[in-house]
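One structure is given below, encoded as structure tokens.
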Amino acid sequence: MNDPVALAAEAAGFLRSHFAVDHIDLALVLGSGWSSGADSLGEPLGDVELGDVPGFSKPVVSGHGGRLKLVRTATGKVAAVFTGRTHYYEGRGADAVVHGVRTAAAWGASTLVLTNGCGGLNPAWAPGTVVLIADHINLTGDTPLHGATFVDLTEAYSKRLREAARRVDPALPEGVYVQFRGPQYETPAEVRMAGILGGDLVGMSTTLETIAAREAGMEVLGLSLVTNAAAGLGGDTLDHTEVLQAGRDAGPRLASLLAGIAGEL
């Protein structure tokens, strides 16, 4: 991508024309395990293959959808729902990873909900637990920012939006999400390091998207689905099918939670 901002503007223009909708209010990115919630977010207004939108590629990860759905929430807001995302480990660079975020911002969205499936470091968080992201640690060694672009990340994840999520489910815990580059799962030693650094959750997405969203002035709500105990903590080997199964098992709750939160935003 030579000019990521121009490409996002082109994608937003394509979507405005495709849906005949000039402005959206919020966007949601549904990560591993979360796609079952897409149909519960509101009145369907249409959908499109992500691969048909300028700058996007079809998702390469099993269990990720490949469509952008437009819905009207119970409060009348228009939301773009991305049922797939580009991951950093695909090797296409940080701009490709955050293209969906920049496109949503160019289309007018002021609020972004990022979801993911992750490994949990807290033994009290069994598979199926949803955790609000309060902060993050970016271990990718990369950023979507270009040049001397100084973005304040003091409140990368909006306290106001976390409070809105707790109006739907007061029991939601919160923690610090640590993004590794992937695609290999973390070693037990890396998980211990993440914990020493202050992390509660480990995964391979979300932080770069959050940085780009904050650059664009968007408020961010992060939601992690604990799909397994992180390496070395659960005694089992890690497998992507386990991640997908945890999402299927938690599907009805995730759908209900997302619909409730969308109604609060």
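Each chain of the structure tokens is named A, B, ... in the order shown, its residues numbered from 1; ligands are numbered from 1 in display order.
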Ala38 in chain A: which residues within 10 Å, counting only C-alpha atoms, same-chain residues fewer than 5 positions away excluded, as an mmCIF file with C-alpha atoms, in the first residue's frame?
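Dumped to part.cif:
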```
data_model
loop_
_atom_site.group_PDB
_atom_site.id
_atom_site.type_symbol
_atom_site.label_atom_id
_atom_site.label_comp_id
_atom_site.auth_asym_id
_atom_site.auth_seq_id
_atom_site.Cartn_x
_atom_site.Cartn_y
_atom_site.Cartn_z
ATOM 1 C CA LEU A 28 -16.974 -4.129 14.848
ATOM 2 C CA VAL A 29 -14.194 -6.573 13.984
ATOM 3 C CA LEU A 30 -15.136 -10.148 14.850
ATOM 4 C CA PRO A 44 -29.455 -6.389 8.270
ATOM 5 C CA GLY A 65 -15.627 -15.072 7.956
ATOM 6 C CA LEU A 68 -18.557 -7.062 5.684
ATOM 7 C CA LYS A 69 -22.113 -6.814 6.962
ATOM 8 C CA LEU A 70 -24.002 -3.588 7.512
ATOM 9 C CA VAL A 71 -26.633 -3.514 10.276
ATOM 10 C CA VAL A 81 -19.356 -5.640 10.932
ATOM 11 C CA PHE A 82 -16.100 -7.131 9.672
ATOM 12 C CA THR A 83 -16.304 -10.915 9.984
ATOM 13 C CA LEU A 254 -21.188 -14.010 22.682
ATOM 14 C CA ALA A 255 -24.084 -13.188 20.376
ATOM 15 C CA LEU A 258 -22.427 -8.288 21.440
ATOM 16 C CA ALA A 259 -26.051 -7.401 20.725
#
```
Q: Considering only C-alpha atoms, return as a list in words whatever protein or nucleic-acid residues lie within 8 Å of range 151-161 of chain A, sequence-local ones (same chain, fewer than 5 positions apart) excluded.
A: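 Everything that qualifies: Ile133, Ala134, Asp135, Thr210, Ile211, Arg214, Glu215, Glu219, Val220, Leu221, Gly222 and Leu265 of chain A.
In this structure, CA of Ala194 in chain A sits 14.8 Å away from CA of Pro123 in chain A.
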**Q.** For CA of Val178 in chain A and CA of Gly119 in chain A, the interatomic separation in Å (one decimal)
**A.**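 Rounded to one decimal, the two atoms are 9.8 Å apart.
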(Q) Can you pull out the residues contacting Ala106 in chain A? Cut-off 8 Å, using only C-alpha atoms, and skip same-chain residues under 3 positions away; I want them as a list of chain:residue names. (A)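 The residues satisfying every condition are A:Ala8, A:Ala9, A:Ala12, A:Arg102, A:Thr103, A:Ala109.
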Pull C-alpha atoms from the residues just selected and write them as a PDB file, in the first residue's frame.
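What ended up in out-v7.pdb:
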```pdb
ATOM      1  CA  ALA A   8      -8.959   3.673   2.932  1.00  0.00           C
ATOM      2  CA  ALA A   9     -10.799   6.630   1.407  1.00  0.00           C
ATOM      3  CA  ALA A  12     -14.976   3.886   2.032  1.00  0.00           C
ATOM      4  CA  ARG A 102      -8.949   3.158   8.543  1.00  0.00           C
ATOM      5  CA  THR A 103     -11.768   2.363   6.127  1.00  0.00           C
ATOM      6  CA  ALA A 109     -17.265   5.617  12.363  1.00  0.00           C
TER       7      ALA A 109
END
```
Q: Give the strand (DSSP E) residues of range 85-190 of chain A, as DSSP finds them on the backbone, and put them as a PyMOL selection string.
A: chain A and resi 111-120+130-138+174-179
Q) Got a sec: who's within 8 Å of Asn116 in chain A, counting only C-alpha atoms, leaving out chain neighbours fewer than 3 positions off, as number ranges by chain? A) A: 30-34, 203, 205-206, 223-225
Q: Find the residues around Phe14 in chain A up to 12 Å (only C-alpha atoms counted), leave out those fewer than 2 positions away in its own chain, and share them as a list in words.
A: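 Final neighbour list, sorted by chain and number: Leu7, Ala8, Ala9, Glu10, Ala11, Ala12, Arg16, Ser17, His18, Phe19, Ala20, Val21, Asp22, Val48, Leu50, Asp52, Val53, Pro54, Gly55, Phe56, Thr103, Ala104, Ala106 and Trp107 of chain A.
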Q | Contact residues around Val101 in chain A with only C-alpha atoms at 8 Å, ignoring same-chain residues under 5 positions, as number ranges by chain | A | A: 112, 209, 212-213
Q | Which of range 3-127 of chain A DSSP labels helix (DSSP H, G or I), written as a ChimeraX atom specification | A | /A:4-19,35-40,50-52,88-90,94-97,99-106
Q.
as a list in words, please: the residues near Ala105 in chain A (cut-off 8 Å, only C-alpha atoms, same-chain neighbours under 5 positions excluded).
A. Ser110, Ala213, Ala216 and Met218 of chain A
(Q) Restricting the calculation to only C-alpha atoms: of A:Gly117, A:Gly141, A:Gly147, A:Gly198, which residue gets closest to Thr227 in chain A? (A) A:Gly117
